[in-house]
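K.L.:
You'll find protein_6.txt just under this line, and it carries compact mmCIF, C-alpha atoms.
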```txt
# COMPACT_ATOMS: atom_id res chain seq x y z
CA MET A 1 72.54 -24.83 43.24
CA LEU A 2 73.66 -27.84 41.24
CA ILE A 3 77.07 -26.27 40.70
CA SER A 4 77.98 -27.18 44.30
CA TYR A 5 77.86 -30.84 43.27
CA LEU A 6 80.58 -30.34 40.66
CA PRO A 7 83.28 -32.03 42.83
CA ILE A 8 81.16 -35.18 43.02
CA LEU A 9 80.83 -35.23 39.23
CA ILE A 10 84.58 -34.75 38.83
CA LEU A 11 85.26 -37.56 41.31
CA LEU A 12 82.82 -39.81 39.47
CA LEU A 13 84.47 -39.13 36.12
CA VAL A 14 87.97 -39.63 37.52
CA VAL A 15 87.02 -42.93 39.18
CA MET A 16 85.23 -44.25 36.12
CA GLY A 17 88.04 -43.12 33.82
CA PHE A 18 90.65 -44.75 36.06
CA ALA A 19 88.82 -48.06 36.21
CA ILE A 20 88.01 -48.22 32.49
CA SER A 21 91.47 -47.07 31.37
CA ASN A 22 93.12 -49.65 33.63
CA ILE A 23 91.07 -52.46 32.12
CA ILE A 24 91.74 -51.27 28.57
CA ILE A 25 95.46 -50.67 29.10
CA SER A 26 96.06 -54.03 30.77
CA ALA A 27 94.13 -55.75 27.97
CA LEU A 28 96.18 -53.95 25.33
CA ILE A 29 99.75 -54.16 26.64
CA GLY A 30 99.56 -57.13 29.03
CA ARG A 31 100.84 -60.57 28.01
CA HIS A 32 98.29 -63.37 27.95
CA LYS A 33 99.66 -66.84 28.60
CA PRO A 34 97.04 -68.57 30.76
CA THR A 35 97.96 -71.83 32.47
CA ALA A 36 95.90 -73.97 34.80
CA GLU A 37 97.93 -72.79 37.79
CA LYS A 38 97.43 -69.13 36.92
CA LEU A 39 93.70 -69.46 36.42
CA SER A 40 93.04 -71.20 39.74
CA PRO A 41 91.64 -68.85 42.40
CA TYR A 42 94.24 -67.30 44.67
CA GLU A 43 93.75 -68.32 48.29
CA CYS A 44 96.73 -66.80 50.06
CA GLY A 45 99.03 -69.49 48.68
CA VAL A 46 97.03 -72.42 50.05
CA GLU A 47 95.70 -75.04 47.64
CA PRO A 48 92.02 -74.26 46.95
CA ILE A 49 89.64 -76.78 48.52
CA GLY A 50 86.46 -77.13 46.51
CA SER A 51 84.37 -74.39 44.98
CA ALA A 52 83.97 -70.93 46.51
CA ARG A 53 80.26 -71.00 45.59
CA GLU A 54 79.19 -72.72 48.75
CA ARG A 55 76.44 -71.76 51.08
CA PHE A 56 77.47 -69.51 53.93
CA SER A 57 76.38 -69.97 57.49
CA VAL A 58 73.22 -68.29 58.74
CA LYS A 59 75.32 -66.66 61.48
CA PHE A 60 76.37 -64.05 58.93
CA TYR A 61 72.73 -63.11 58.41
CA ILE A 62 72.28 -62.21 62.07
CA ILE A 63 75.28 -59.89 61.91
CA ALA A 64 73.95 -58.20 58.76
CA MET A 65 70.49 -57.87 60.26
CA MET A 66 71.84 -56.19 63.39
CA PHE A 67 73.88 -53.88 61.20
CA VAL A 68 70.76 -52.76 59.31
CA ILE A 69 68.68 -52.17 62.44
CA PHE A 70 71.34 -50.18 64.27
CA ASP A 71 72.21 -48.31 61.08
CA ILE A 72 68.65 -47.01 61.09
CA GLU A 73 69.07 -45.99 64.71
CA VAL A 74 72.18 -43.98 63.84
CA VAL A 75 70.41 -42.35 60.89
CA PHE A 76 67.74 -41.13 63.29
CA LEU A 77 70.49 -39.57 65.38
CA TYR A 78 71.70 -37.30 62.55
CA PRO A 79 68.70 -34.91 62.29
CA TRP A 80 68.48 -34.87 66.08
CA ALA A 81 72.13 -33.88 66.41
CA VAL A 82 71.73 -31.14 63.81
CA ALA A 83 68.55 -29.68 65.33
CA TYR A 84 69.64 -30.29 68.93
CA LYS A 85 69.93 -26.63 69.96
CA SER A 86 66.36 -25.73 69.08
CA LEU A 87 64.94 -28.90 70.62
CA ALA A 88 66.77 -28.65 73.94
CA LEU A 89 65.71 -30.96 76.79
CA PHE A 90 62.55 -32.20 75.04
CA GLY A 91 64.58 -33.65 72.18
CA LEU A 92 67.03 -35.23 74.61
CA ILE A 93 64.24 -37.06 76.45
CA GLU A 94 62.66 -38.24 73.20
CA MET A 95 65.96 -39.56 71.98
CA ALA A 96 66.60 -41.22 75.34
CA ILE A 97 63.30 -43.12 75.09
CA PHE A 98 64.11 -44.13 71.52
CA ILE A 99 67.55 -45.41 72.43
CA ILE A 100 66.37 -47.20 75.57
CA ILE A 101 63.75 -49.13 73.58
CA LEU A 102 66.40 -50.21 71.10
CA LEU A 103 68.78 -50.99 73.95
CA VAL A 104 66.23 -53.50 75.22
CA GLY A 105 66.41 -55.11 71.80
CA TYR A 106 70.18 -55.11 72.01
CA VAL A 107 70.10 -56.83 75.40
CA TYR A 108 67.64 -59.34 73.95
CA ILE A 109 70.05 -60.22 71.14
CA TRP A 110 72.84 -60.51 73.67
CA LYS A 111 70.88 -62.80 76.01
CA ARG A 112 69.71 -64.88 73.10
CA GLY A 113 73.29 -65.49 72.06
CA GLY A 114 73.19 -63.43 68.89
CA PHE A 115 76.74 -62.25 69.40
CA GLU A 116 78.19 -65.68 70.04
CA TRP A 117 79.64 -67.38 67.02
CA GLU A 118 79.21 -71.00 68.03
CA MET B 1 62.87 -26.19 35.67
CA ILE B 2 61.36 -29.59 34.84
CA PRO B 3 57.61 -29.91 35.40
CA LEU B 4 56.96 -32.02 38.45
CA THR B 5 54.51 -34.15 36.47
CA TRP B 6 57.53 -35.82 34.86
CA TYR B 7 58.69 -37.02 38.24
CA LEU B 8 55.24 -38.40 38.95
CA ILE B 9 55.18 -40.23 35.63
CA LEU B 10 58.65 -41.65 36.33
CA SER B 11 57.37 -42.79 39.70
CA GLY B 12 54.36 -44.42 38.01
CA ILE B 13 56.60 -46.24 35.54
CA LEU B 14 58.85 -47.51 38.34
CA PHE B 15 55.83 -48.69 40.31
CA SER B 16 54.46 -50.55 37.30
CA ILE B 17 57.82 -52.22 36.64
CA GLY B 18 57.88 -53.37 40.25
CA ALA B 19 54.33 -54.67 40.02
CA VAL B 20 55.09 -56.58 36.81
CA GLY B 21 58.18 -58.02 38.52
CA VAL B 22 56.09 -59.29 41.42
CA LEU B 23 53.74 -60.94 38.94
CA ILE B 24 56.24 -62.63 36.64
CA ARG B 25 59.17 -63.66 38.83
CA ARG B 26 59.08 -66.89 40.79
CA ASN B 27 62.09 -66.37 43.04
CA ALA B 28 60.94 -65.10 46.45
CA ILE B 29 63.98 -62.86 46.93
CA VAL B 30 63.53 -61.19 43.53
CA ILE B 31 59.84 -60.67 44.31
CA PHE B 32 60.95 -59.01 47.53
CA MET B 33 63.35 -56.77 45.60
CA CYS B 34 60.51 -55.76 43.28
CA ILE B 35 58.49 -54.76 46.34
CA GLU B 36 61.40 -52.55 47.39
CA LEU B 37 61.29 -51.04 43.91
CA MET B 38 57.61 -50.20 44.37
CA LEU B 39 58.35 -48.64 47.76
CA ASN B 40 61.03 -46.50 46.10
CA ALA B 41 58.56 -45.35 43.44
CA VAL B 42 56.17 -44.25 46.16
CA ASN B 43 59.02 -42.43 47.91
CA LEU B 44 59.72 -40.51 44.71
CA ALA B 45 56.07 -39.46 44.49
CA PHE B 46 56.16 -38.33 48.14
CA ILE B 47 59.26 -36.21 47.60
CA THR B 48 57.76 -34.72 44.43
CA PHE B 49 54.61 -33.65 46.22
CA SER B 50 56.66 -32.32 49.12
CA ARG B 51 58.51 -30.12 46.63
CA GLN B 52 55.31 -29.15 44.83
CA LEU B 53 53.51 -28.08 47.99
CA ASN B 54 56.58 -26.52 49.65
CA SER B 55 56.15 -28.70 52.68
CA MET B 56 58.50 -30.94 54.63
CA ASP B 57 55.93 -33.57 55.59
CA GLY B 58 56.56 -35.69 52.50
CA GLN B 59 60.22 -36.00 53.35
CA ILE B 60 59.45 -37.14 56.91
CA PHE B 61 57.07 -39.71 55.48
CA VAL B 62 59.82 -41.02 53.23
CA PHE B 63 62.08 -41.28 56.26
CA PHE B 64 59.53 -43.45 58.03
CA ILE B 65 58.92 -45.53 54.91
CA MET B 66 62.65 -46.27 54.81
CA THR B 67 62.56 -47.36 58.46
CA VAL B 68 59.63 -49.65 57.76
CA ALA B 69 61.40 -51.00 54.68
CA ALA B 70 64.49 -51.86 56.73
CA ALA B 71 62.43 -53.63 59.41
CA GLU B 72 60.49 -55.42 56.70
CA ALA B 73 63.68 -56.52 54.95
CA ALA B 74 65.14 -57.89 58.20
CA VAL B 75 62.06 -59.96 59.05
CA GLY B 76 61.09 -60.86 55.48
CA LEU B 77 64.52 -62.19 54.60
CA ALA B 78 64.57 -64.15 57.88
CA ILE B 79 61.27 -65.72 56.81
CA ILE B 80 62.77 -66.59 53.42
CA ILE B 81 65.75 -68.21 55.17
CA ALA B 82 63.40 -70.18 57.42
CA ILE B 83 61.41 -71.36 54.39
CA TYR B 84 64.60 -72.36 52.62
CA ARG B 85 65.63 -74.41 55.65
CA ASN B 86 62.39 -76.32 55.63
CA LYS B 87 61.74 -76.76 51.92
CA ALA B 88 65.18 -76.16 50.33
CA THR B 89 63.66 -73.83 47.75
CA VAL B 90 62.61 -70.21 47.42
CA ASN B 91 60.52 -70.76 44.31
CA VAL B 92 57.07 -69.44 45.17
CA ASP B 93 55.38 -72.13 43.07
CA ASP B 94 56.65 -74.73 45.53
CA ILE B 95 55.61 -72.73 48.59
CA ASN B 96 51.87 -72.83 48.08
CA LEU B 97 50.76 -74.53 51.27
CA MET B 98 50.40 -72.86 54.61
CA LYS B 99 51.49 -75.95 56.52
CA TRP B 100 52.59 -79.40 55.38
CA MET C 1 68.63 -26.66 31.40
CA LEU C 2 71.27 -28.56 33.36
CA GLU C 3 68.56 -29.88 35.65
CA SER C 4 66.43 -31.15 32.76
CA LEU C 5 69.44 -32.90 31.25
CA LEU C 6 70.31 -34.51 34.59
CA PHE C 7 66.69 -35.56 35.07
CA LEU C 8 66.54 -37.17 31.64
CA ILE C 9 69.83 -39.05 32.14
CA MET C 10 69.03 -40.22 35.65
CA GLY C 11 65.40 -41.03 34.83
CA SER C 12 66.42 -43.23 31.92
CA ILE C 13 69.13 -44.94 34.01
CA THR C 14 66.55 -45.58 36.73
CA ILE C 15 64.04 -47.11 34.33
CA ALA C 16 66.67 -49.18 32.52
CA CYS C 17 68.05 -50.57 35.79
CA ALA C 18 64.55 -51.25 37.11
CA LEU C 19 63.78 -53.25 33.98
CA CYS C 20 67.04 -55.16 34.46
CA VAL C 21 66.02 -55.98 38.06
CA VAL C 22 62.89 -57.65 36.76
CA PHE C 23 64.32 -59.39 33.70
CA GLN C 24 67.72 -60.62 34.92
CA LYS C 25 67.86 -64.37 35.48
CA ASN C 26 70.53 -64.28 38.20
CA PRO C 27 69.30 -62.74 41.48
CA ILE C 28 72.72 -61.27 42.24
CA TYR C 29 72.56 -59.17 39.05
CA SER C 30 69.05 -58.10 40.00
CA ALA C 31 70.36 -56.92 43.37
CA ILE C 32 73.24 -54.96 41.79
CA PHE C 33 70.86 -53.26 39.35
CA LEU C 34 68.52 -52.44 42.22
CA ILE C 35 71.41 -50.68 43.99
CA GLN C 36 72.02 -48.58 40.86
CA THR C 37 68.29 -47.77 40.70
CA MET C 38 68.40 -46.51 44.27
CA VAL C 39 71.52 -44.41 43.74
CA SER C 40 70.06 -42.72 40.67
CA LEU C 41 66.85 -42.08 42.61
CA ALA C 42 69.02 -40.35 45.22
CA VAL C 43 70.24 -37.98 42.48
CA LEU C 44 66.62 -37.21 41.62
CA TYR C 45 65.96 -36.44 45.29
CA VAL C 46 68.80 -33.94 45.21
CA LEU C 47 67.16 -32.32 42.16
CA LEU C 48 63.97 -32.03 44.22
CA HIS C 49 65.82 -30.24 47.05
CA ALA C 50 65.66 -33.16 49.47
CA GLN C 51 69.35 -33.53 50.22
CA PHE C 52 68.96 -35.32 53.54
CA ILE C 53 66.64 -37.91 52.06
CA ALA C 54 69.08 -38.39 49.19
CA ALA C 55 71.89 -39.06 51.68
CA ILE C 56 69.90 -41.56 53.72
CA GLN C 57 68.62 -43.19 50.54
CA VAL C 58 72.22 -44.06 49.72
CA MET C 59 73.00 -45.00 53.33
CA ILE C 60 69.95 -47.08 54.22
CA TYR C 61 68.73 -48.47 50.93
CA ALA C 62 71.87 -48.84 48.85
CA GLY C 63 74.16 -49.33 51.84
CA ALA C 64 72.27 -51.42 54.35
CA ILE C 65 69.14 -53.05 52.97
CA MET C 66 70.79 -54.19 49.76
CA VAL C 67 73.73 -55.60 51.73
CA LEU C 68 71.19 -57.73 53.57
CA PHE C 69 69.66 -58.88 50.27
CA ILE C 70 73.04 -59.81 48.79
CA PHE C 71 73.94 -61.61 52.02
CA VAL C 72 70.83 -63.73 51.78
CA ILE C 73 71.38 -64.50 48.09
CA MET C 74 74.94 -65.58 48.93
CA LEU C 75 73.70 -67.46 51.99
CA LEU C 76 71.22 -69.53 50.01
CA ASN C 77 73.49 -69.75 46.94
CA LEU C 78 70.59 -69.33 44.58
CA SER C 79 72.30 -68.48 41.31
CA LYS C 80 72.23 -72.06 40.05
CA ALA C 81 68.98 -73.18 41.63
CA ASP C 82 67.11 -70.24 40.17
CA GLU C 83 67.72 -71.08 36.52
CA GLU C 84 66.10 -74.47 36.69
CA GLY C 85 63.45 -73.22 39.09
CA GLU C 86 62.30 -70.53 36.66
CA ARG C 87 59.76 -72.72 34.94
CA ASP C 88 56.39 -71.53 33.72
CA ASN C 89 53.49 -73.21 35.39
CA LEU C 90 51.10 -70.70 33.88
CA PHE C 91 52.16 -70.07 30.29
CA PHE C 92 49.98 -66.98 29.86
CA GLN C 93 51.26 -65.39 33.07
CA LYS C 94 54.20 -63.42 31.66
CA PRO C 95 52.49 -61.81 28.64
CA SER C 96 49.36 -60.92 30.56
CA ALA C 97 51.42 -59.44 33.41
CA ILE C 98 53.37 -57.28 30.96
CA ILE C 99 50.17 -56.12 29.22
CA LEU C 100 48.61 -55.26 32.59
CA GLY C 101 51.80 -53.38 33.51
CA PHE C 102 51.50 -51.30 30.33
CA ILE C 103 47.87 -50.57 31.12
CA LEU C 104 48.93 -49.47 34.62
CA VAL C 105 51.56 -47.10 33.19
CA VAL C 106 49.04 -45.59 30.76
CA MET C 107 46.47 -45.17 33.51
CA ILE C 108 48.87 -43.51 35.93
CA GLY C 109 50.19 -41.33 33.10
CA THR C 110 46.78 -40.08 32.02
CA VAL C 111 45.68 -39.46 35.57
CA THR C 112 48.80 -37.43 36.39
CA LEU C 113 48.65 -35.49 33.12
CA LYS C 114 44.95 -34.68 33.44
CA THR C 115 45.02 -33.69 37.10
CA VAL C 116 45.87 -30.18 38.15
CA PHE C 117 47.58 -30.63 41.50
CA GLN C 118 46.30 -28.00 43.84
CA GLY C 119 46.88 -27.87 47.52
CA VAL C 120 47.63 -25.55 50.35
CA LYS C 121 51.19 -24.45 49.78
CA GLY C 122 53.40 -24.82 52.80
CA GLU C 123 55.97 -22.37 54.07
CA TYR C 124 59.09 -24.28 53.10
CA THR C 125 60.07 -23.01 49.67
CA PRO C 126 63.47 -24.14 48.35
CA GLU C 127 64.89 -20.77 49.36
CA THR C 128 63.86 -21.11 53.01
CA ILE C 129 65.02 -24.70 53.04
CA SER C 130 68.46 -23.75 51.79
CA GLN C 131 68.55 -20.92 54.33
CA ILE C 132 67.75 -23.05 57.39
CA GLY C 133 69.15 -26.29 56.04
CA ASN C 134 67.33 -29.40 54.93
CA THR C 135 68.58 -31.64 57.74
CA GLN C 136 67.73 -29.05 60.40
CA LEU C 137 64.18 -28.83 59.10
CA VAL C 138 63.81 -32.61 59.00
CA GLY C 139 65.08 -32.75 62.59
CA LYS C 140 62.73 -30.03 63.74
CA MET C 141 59.69 -31.63 62.12
CA LEU C 142 60.65 -35.12 63.26
CA PHE C 143 61.01 -34.16 66.90
CA THR C 144 58.05 -31.81 67.20
CA LYS C 145 55.19 -32.64 64.84
CA TYR C 146 56.09 -36.30 64.32
CA VAL C 147 57.21 -37.26 67.84
CA PHE C 148 54.76 -40.09 68.18
CA PRO C 149 55.58 -41.83 64.88
CA PHE C 150 59.24 -41.46 65.80
CA GLU C 151 58.80 -43.33 69.06
CA ILE C 152 56.63 -45.92 67.32
CA ALA C 153 59.48 -46.42 64.85
CA SER C 154 61.71 -47.56 67.70
CA ILE C 155 59.12 -50.14 68.76
CA LEU C 156 58.88 -51.28 65.14
CA LEU C 157 62.65 -51.76 64.98
CA PHE C 158 62.52 -53.61 68.30
CA ALA C 159 59.87 -55.95 66.90
CA ALA C 160 62.01 -56.45 63.81
CA ILE C 161 64.99 -57.45 65.98
CA ILE C 162 62.96 -60.00 67.92
CA GLY C 163 61.27 -61.41 64.82
CA ALA C 164 64.46 -61.78 62.85
CA ILE C 165 66.36 -63.35 65.75
CA ILE C 166 63.60 -65.85 66.45
CA LEU C 167 63.30 -66.83 62.79
CA ALA C 168 67.01 -67.01 62.05
CA LYS C 169 68.28 -68.59 65.27
CA LYS C 170 65.84 -71.42 65.39
CA ARG C 171 68.39 -73.97 66.48
CA ILE C 172 69.05 -72.18 69.76
CA ILE C 173 65.41 -72.46 70.74
CA GLU C 174 65.42 -76.19 70.15
CA ASP C 175 68.57 -76.75 72.21
```
Translate this structure into structure tokens?

P.N.:
Amino acid sequence: MLISYLPILILLLVVMGFAISNIIISALIGRHKPTAEKLSPYECGVEPIGSARERFSVKFYIIAMMFVIFDIEVVFLYPWAVAYKSLALFGLIEMAIFIIILLVGYVYIWKRGGFEWE
Amino acid sequence: MIPLTWYLILSGILFSIGAVGVLIRRNAIVIFMCIELMLNAVNLAFITFSRQLNSMDGQIFVFFIMTVAAAEAAVGLAIIIAIYRNKATVNVDDINLMKW
Amino acid sequence: MLESLLFLIMGSITIACALCVVFQKNPIYSAIFLIQTMVSLAVLYVLLHAQFIAAIQVMIYAGAIMVLFIFVIMLLNLSKADEEGERDNLFFQKPSAIILGFILVVMIGTVTLKTVFQGVKGEYTPETISQIGNTQLVGKMLFTKYVFPFEIASILLFAAIIGAIILAKKRIIED
């Protein structure tokens, strides 16, 4: 049974080997001549203004929170989609109720201005 | 085939680590993460028993626990943000009054 | 044999990462170690023939909930504030907590080792599960036996939306 997961193991080893070998090779054969200009963070060619360790706006939190909630909704859809044939109309109605309740929440966010940036 | 008791002991160890974390850390977010760790330990025990008893109910329970954990994370972290706005700290030693 | 080896590796990774979650000073490192804990738990779920749960463990826990945690840590920029905030008001708190944790491990261990777990065996042996499919069975159970909890879950998520919006968008209410 576990043998069917062999591709995942191979992928894992290849990815880890690639990352580690890249770090080692660049440390071994790369040239190291650090200057102040080189060590400053790259910001698309613009002069960096202040530190990058600043607090972000709370607006980002609302986006992340909505992502989590609707991610859960989608995860509930997977077993329903797989078992749809044996559930038939009953499953469809259940899922409709589920989605409508969450749709009310979606409308609430919308009306409350959760999608507006300013 | 590994005896399922090992899984239960692993689950117990994880739960204890989470409980110790809740007791010794002072950062509210880390305390919250330790609670997630305890929830995960319980999930492992549920899945182990579901395998032991050849039943699917444990797995459904874990599914619901994950849903509750997501809802809890959304609201709990919003509470932490609200506290940080008012008191500019998330250290639980400084948040010891209900209202001030 | 292969399974025991995988269990030992993944179990030790899980415990090591869980310890790192508790004992790292920087909350970002704690969050990263918690993600690794959850991913290795997903491997253990696969060993226990719960493939669907393993997949959603990676998707919900490691993929969504932890993203939210890291967002909030970034949002509040805690890495510096935490170091000075980690002062001990109760000097005996750490050692006594660790001793109590050890006692808890020993207690759970003895209880699990001494108990003979008996119960009514269900019909879903690993063979039947692999025949029908794990996700199909979860779907069938979820939408027949557990219909009511499923609908309640949607109300719970709805409540979470409203709570989080009200708490996070306070300024809009004041305006």

K.L.:
Select all residues from chain C having any atom no more than 7 Å from an atom of chain B (counting all atoms listed in the file, ignoring ligands), output as a VMD selection string.

P.N.:
chain C and resid 3 to 4 11 15 18 to 19 22 27 48 53 65 82 85 to 86 93 to 94 97 to 98 101 104 to 105 108 to 109 112 to 113 119 to 125 138 142 157 160 163 to 164 167 to 168

K.L.:
Selected residues, C-alpha atoms, written as a PDB file, in the frame of the given file, please.

P.N.:
```pdb
ATOM      1  CA  GLU C   3      68.560 -29.880  35.650  1.00  0.00           C
ATOM      2  CA  SER C   4      66.430 -31.150  32.760  1.00  0.00           C
ATOM      3  CA  GLY C  11      65.400 -41.030  34.830  1.00  0.00           C
ATOM      4  CA  ILE C  15      64.040 -47.110  34.330  1.00  0.00           C
ATOM      5  CA  ALA C  18      64.550 -51.250  37.110  1.00  0.00           C
ATOM      6  CA  LEU C  19      63.780 -53.250  33.980  1.00  0.00           C
ATOM      7  CA  VAL C  22      62.890 -57.650  36.760  1.00  0.00           C
ATOM      8  CA  PRO C  27      69.300 -62.740  41.480  1.00  0.00           C
ATOM      9  CA  LEU C  48      63.970 -32.030  44.220  1.00  0.00           C
ATOM     10  CA  ILE C  53      66.640 -37.910  52.060  1.00  0.00           C
ATOM     11  CA  ILE C  65      69.140 -53.050  52.970  1.00  0.00           C
ATOM     12  CA  ASP C  82      67.110 -70.240  40.170  1.00  0.00           C
ATOM     13  CA  GLY C  85      63.450 -73.220  39.090  1.00  0.00           C
ATOM     14  CA  GLU C  86      62.300 -70.530  36.660  1.00  0.00           C
ATOM     15  CA  GLN C  93      51.260 -65.390  33.070  1.00  0.00           C
ATOM     16  CA  LYS C  94      54.200 -63.420  31.660  1.00  0.00           C
ATOM     17  CA  ALA C  97      51.420 -59.440  33.410  1.00  0.00           C
ATOM     18  CA  ILE C  98      53.370 -57.280  30.960  1.00  0.00           C
ATOM     19  CA  GLY C 101      51.800 -53.380  33.510  1.00  0.00           C
ATOM     20  CA  LEU C 104      48.930 -49.470  34.620  1.00  0.00           C
ATOM     21  CA  VAL C 105      51.560 -47.100  33.190  1.00  0.00           C
ATOM     22  CA  ILE C 108      48.870 -43.510  35.930  1.00  0.00           C
ATOM     23  CA  GLY C 109      50.190 -41.330  33.100  1.00  0.00           C
ATOM     24  CA  THR C 112      48.800 -37.430  36.390  1.00  0.00           C
ATOM     25  CA  LEU C 113      48.650 -35.490  33.120  1.00  0.00           C
ATOM     26  CA  GLY C 119      46.880 -27.870  47.520  1.00  0.00           C
ATOM     27  CA  VAL C 120      47.630 -25.550  50.350  1.00  0.00           C
ATOM     28  CA  LYS C 121      51.190 -24.450  49.780  1.00  0.00           C
ATOM     29  CA  GLY C 122      53.400 -24.820  52.800  1.00  0.00           C
ATOM     30  CA  GLU C 123      55.970 -22.370  54.070  1.00  0.00           C
ATOM     31  CA  TYR C 124      59.090 -24.280  53.100  1.00  0.00           C
ATOM     32  CA  THR C 125      60.070 -23.010  49.670  1.00  0.00           C
ATOM     33  CA  VAL C 138      63.810 -32.610  59.000  1.00  0.00           C
ATOM     34  CA  LEU C 142      60.650 -35.120  63.260  1.00  0.00           C
ATOM     35  CA  LEU C 157      62.650 -51.760  64.980  1.00  0.00           C
ATOM     36  CA  ALA C 160      62.010 -56.450  63.810  1.00  0.00           C
ATOM     37  CA  GLY C 163      61.270 -61.410  64.820  1.00  0.00           C
ATOM     38  CA  ALA C 164      64.460 -61.780  62.850  1.00  0.00           C
ATOM     39  CA  LEU C 167      63.300 -66.830  62.790  1.00  0.00           C
ATOM     40  CA  ALA C 168      67.010 -67.010  62.050  1.00  0.00           C
TER      41      ALA C 168
END
```

K.L.:
Which residues, protein or nucleic acid, reach to within 12 Å of (74.1, -25.1, 39.9) in the file's coordinates when using all atoms listed in the file, and can you give that as a list in words?

P.N.:
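Counting all atoms listed in the file, I find these residues within 12 Å of (74.1, -25.1, 39.9): Met1, Leu2, Ile3, Ser4, Tyr5, Leu6 and Pro7 of chain A; Met1, Leu2, Glu3, Leu6, Val46 and Leu47 of chain C.
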
K.L.:
Could you turn the residues from that selection into a file that holds C-alpha atoms, as a PDB file, in the coordinates of the input?

P.N.:
```pdb
ATOM      1  CA  MET A   1      72.540 -24.830  43.240  1.00  0.00           C
ATOM      2  CA  LEU A   2      73.660 -27.840  41.240  1.00  0.00           C
ATOM      3  CA  ILE A   3      77.070 -26.270  40.700  1.00  0.00           C
ATOM      4  CA  SER A   4      77.980 -27.180  44.300  1.00  0.00           C
ATOM      5  CA  TYR A   5      77.860 -30.840  43.270  1.00  0.00           C
ATOM      6  CA  LEU A   6      80.580 -30.340  40.660  1.00  0.00           C
ATOM      7  CA  PRO A   7      83.280 -32.030  42.830  1.00  0.00           C
TER       8      PRO A   7
ATOM      9  CA  MET C   1      68.630 -26.660  31.400  1.00  0.00           C
ATOM     10  CA  LEU C   2      71.270 -28.560  33.360  1.00  0.00           C
ATOM     11  CA  GLU C   3      68.560 -29.880  35.650  1.00  0.00           C
ATOM     12  CA  LEU C   6      70.310 -34.510  34.590  1.00  0.00           C
ATOM     13  CA  VAL C  46      68.800 -33.940  45.210  1.00  0.00           C
ATOM     14  CA  LEU C  47      67.160 -32.320  42.160  1.00  0.00           C
TER      15      LEU C  47
END
```

K.L.:
Please identify every residue of chain A that has at least one atom no farther than 12 Å from an atom of chain B, counting only C-alpha atoms, and for each give the shortest atom pair and the distance in Å to one decimal, arranged by chain then increasing number, as JSON lines.

P.N.:
```
{"residue": "A:Arg55", "atom": "CA", "partner": "B:Tyr84", "partner_atom": "CA", "distance": 12.0}
{"residue": "A:Phe56", "atom": "CA", "partner": "B:Ile81", "partner_atom": "CA", "distance": 11.9}
{"residue": "A:Ser57", "atom": "CA", "partner": "B:Ile81", "partner_atom": "CA", "distance": 11.0}
{"residue": "A:Val58", "atom": "CA", "partner": "B:Ile81", "partner_atom": "CA", "distance": 8.3}
{"residue": "A:Lys59", "atom": "CA", "partner": "B:Ile81", "partner_atom": "CA", "distance": 11.6}
{"residue": "A:Phe60", "atom": "CA", "partner": "B:Ala78", "partner_atom": "CA", "distance": 11.8}
{"residue": "A:Tyr61", "atom": "CA", "partner": "B:Ala78", "partner_atom": "CA", "distance": 8.2}
{"residue": "A:Ile62", "atom": "CA", "partner": "B:Ala78", "partner_atom": "CA", "distance": 9.0}
{"residue": "A:Ile63", "atom": "CA", "partner": "B:Ala74", "partner_atom": "CA", "distance": 11.0}
{"residue": "A:Ala64", "atom": "CA", "partner": "B:Ala74", "partner_atom": "CA", "distance": 8.8}
{"residue": "A:Met65", "atom": "CA", "partner": "B:Ala74", "partner_atom": "CA", "distance": 5.7}
{"residue": "A:Met66", "atom": "CA", "partner": "B:Ala74", "partner_atom": "CA", "distance": 8.6}
{"residue": "A:Phe67", "atom": "CA", "partner": "B:Ala74", "partner_atom": "CA", "distance": 10.1}
{"residue": "A:Val68", "atom": "CA", "partner": "B:Ala70", "partner_atom": "CA", "distance": 6.8}
{"residue": "A:Ile69", "atom": "CA", "partner": "B:Ala70", "partner_atom": "CA", "distance": 7.1}
{"residue": "A:Phe70", "atom": "CA", "partner": "B:Ala70", "partner_atom": "CA", "distance": 10.3}
{"residue": "A:Asp71", "atom": "CA", "partner": "B:Ala70", "partner_atom": "CA", "distance": 9.5}
{"residue": "A:Ile72", "atom": "CA", "partner": "B:Thr67", "partner_atom": "CA", "distance": 6.6}
{"residue": "A:Glu73", "atom": "CA", "partner": "B:Thr67", "partner_atom": "CA", "distance": 9.1}
{"residue": "A:Val74", "atom": "CA", "partner": "B:Thr67", "partner_atom": "CA", "distance": 11.5}
{"residue": "A:Val75", "atom": "CA", "partner": "B:Phe63", "partner_atom": "CA", "distance": 9.6}
{"residue": "A:Phe76", "atom": "CA", "partner": "B:Phe63", "partner_atom": "CA", "distance": 9.0}
{"residue": "A:Pro79", "atom": "CA", "partner": "B:Ile60", "partner_atom": "CA", "distance": 10.9}
```

K.L.:
Could you tell me which of C:Phe117, C:Phe23, C:Phe102, C:Phe52 comes closest to chain A if we count all atoms listed in the file?

P.N.:
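Closest residue, counting all atoms listed in the file: C:Phe52.
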
K.L.:
Using all atoms listed in the file, which of the listed residues (A:Leu12, A:Arg31, A:Leu39, A:Phe90) sits closest to chain C?

P.N.:
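With all atoms listed in the file as the atom set, the closest residue is A:Phe90.
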
K.L.:
Please report, as JSON, the centre and edge lengths in Å to one decimal of an axis-aligned box covering all listed atoms of stretch 66-71 of chain C with 4 Å per side.

P.N.:
```
{"center_x": 71.8, "center_y": -57.9, "center_z": 51.2, "size_x": 12.3, "size_y": 15.4, "size_z": 12.8}
```

K.L.:
Compute the chain C side of the contact with chain A at 6 Å, counting all atoms listed in the file, and hand it back as a ChimeraX atom specification.

P.N.:
/C:64,68,75-77,135-136,139,151,154,158
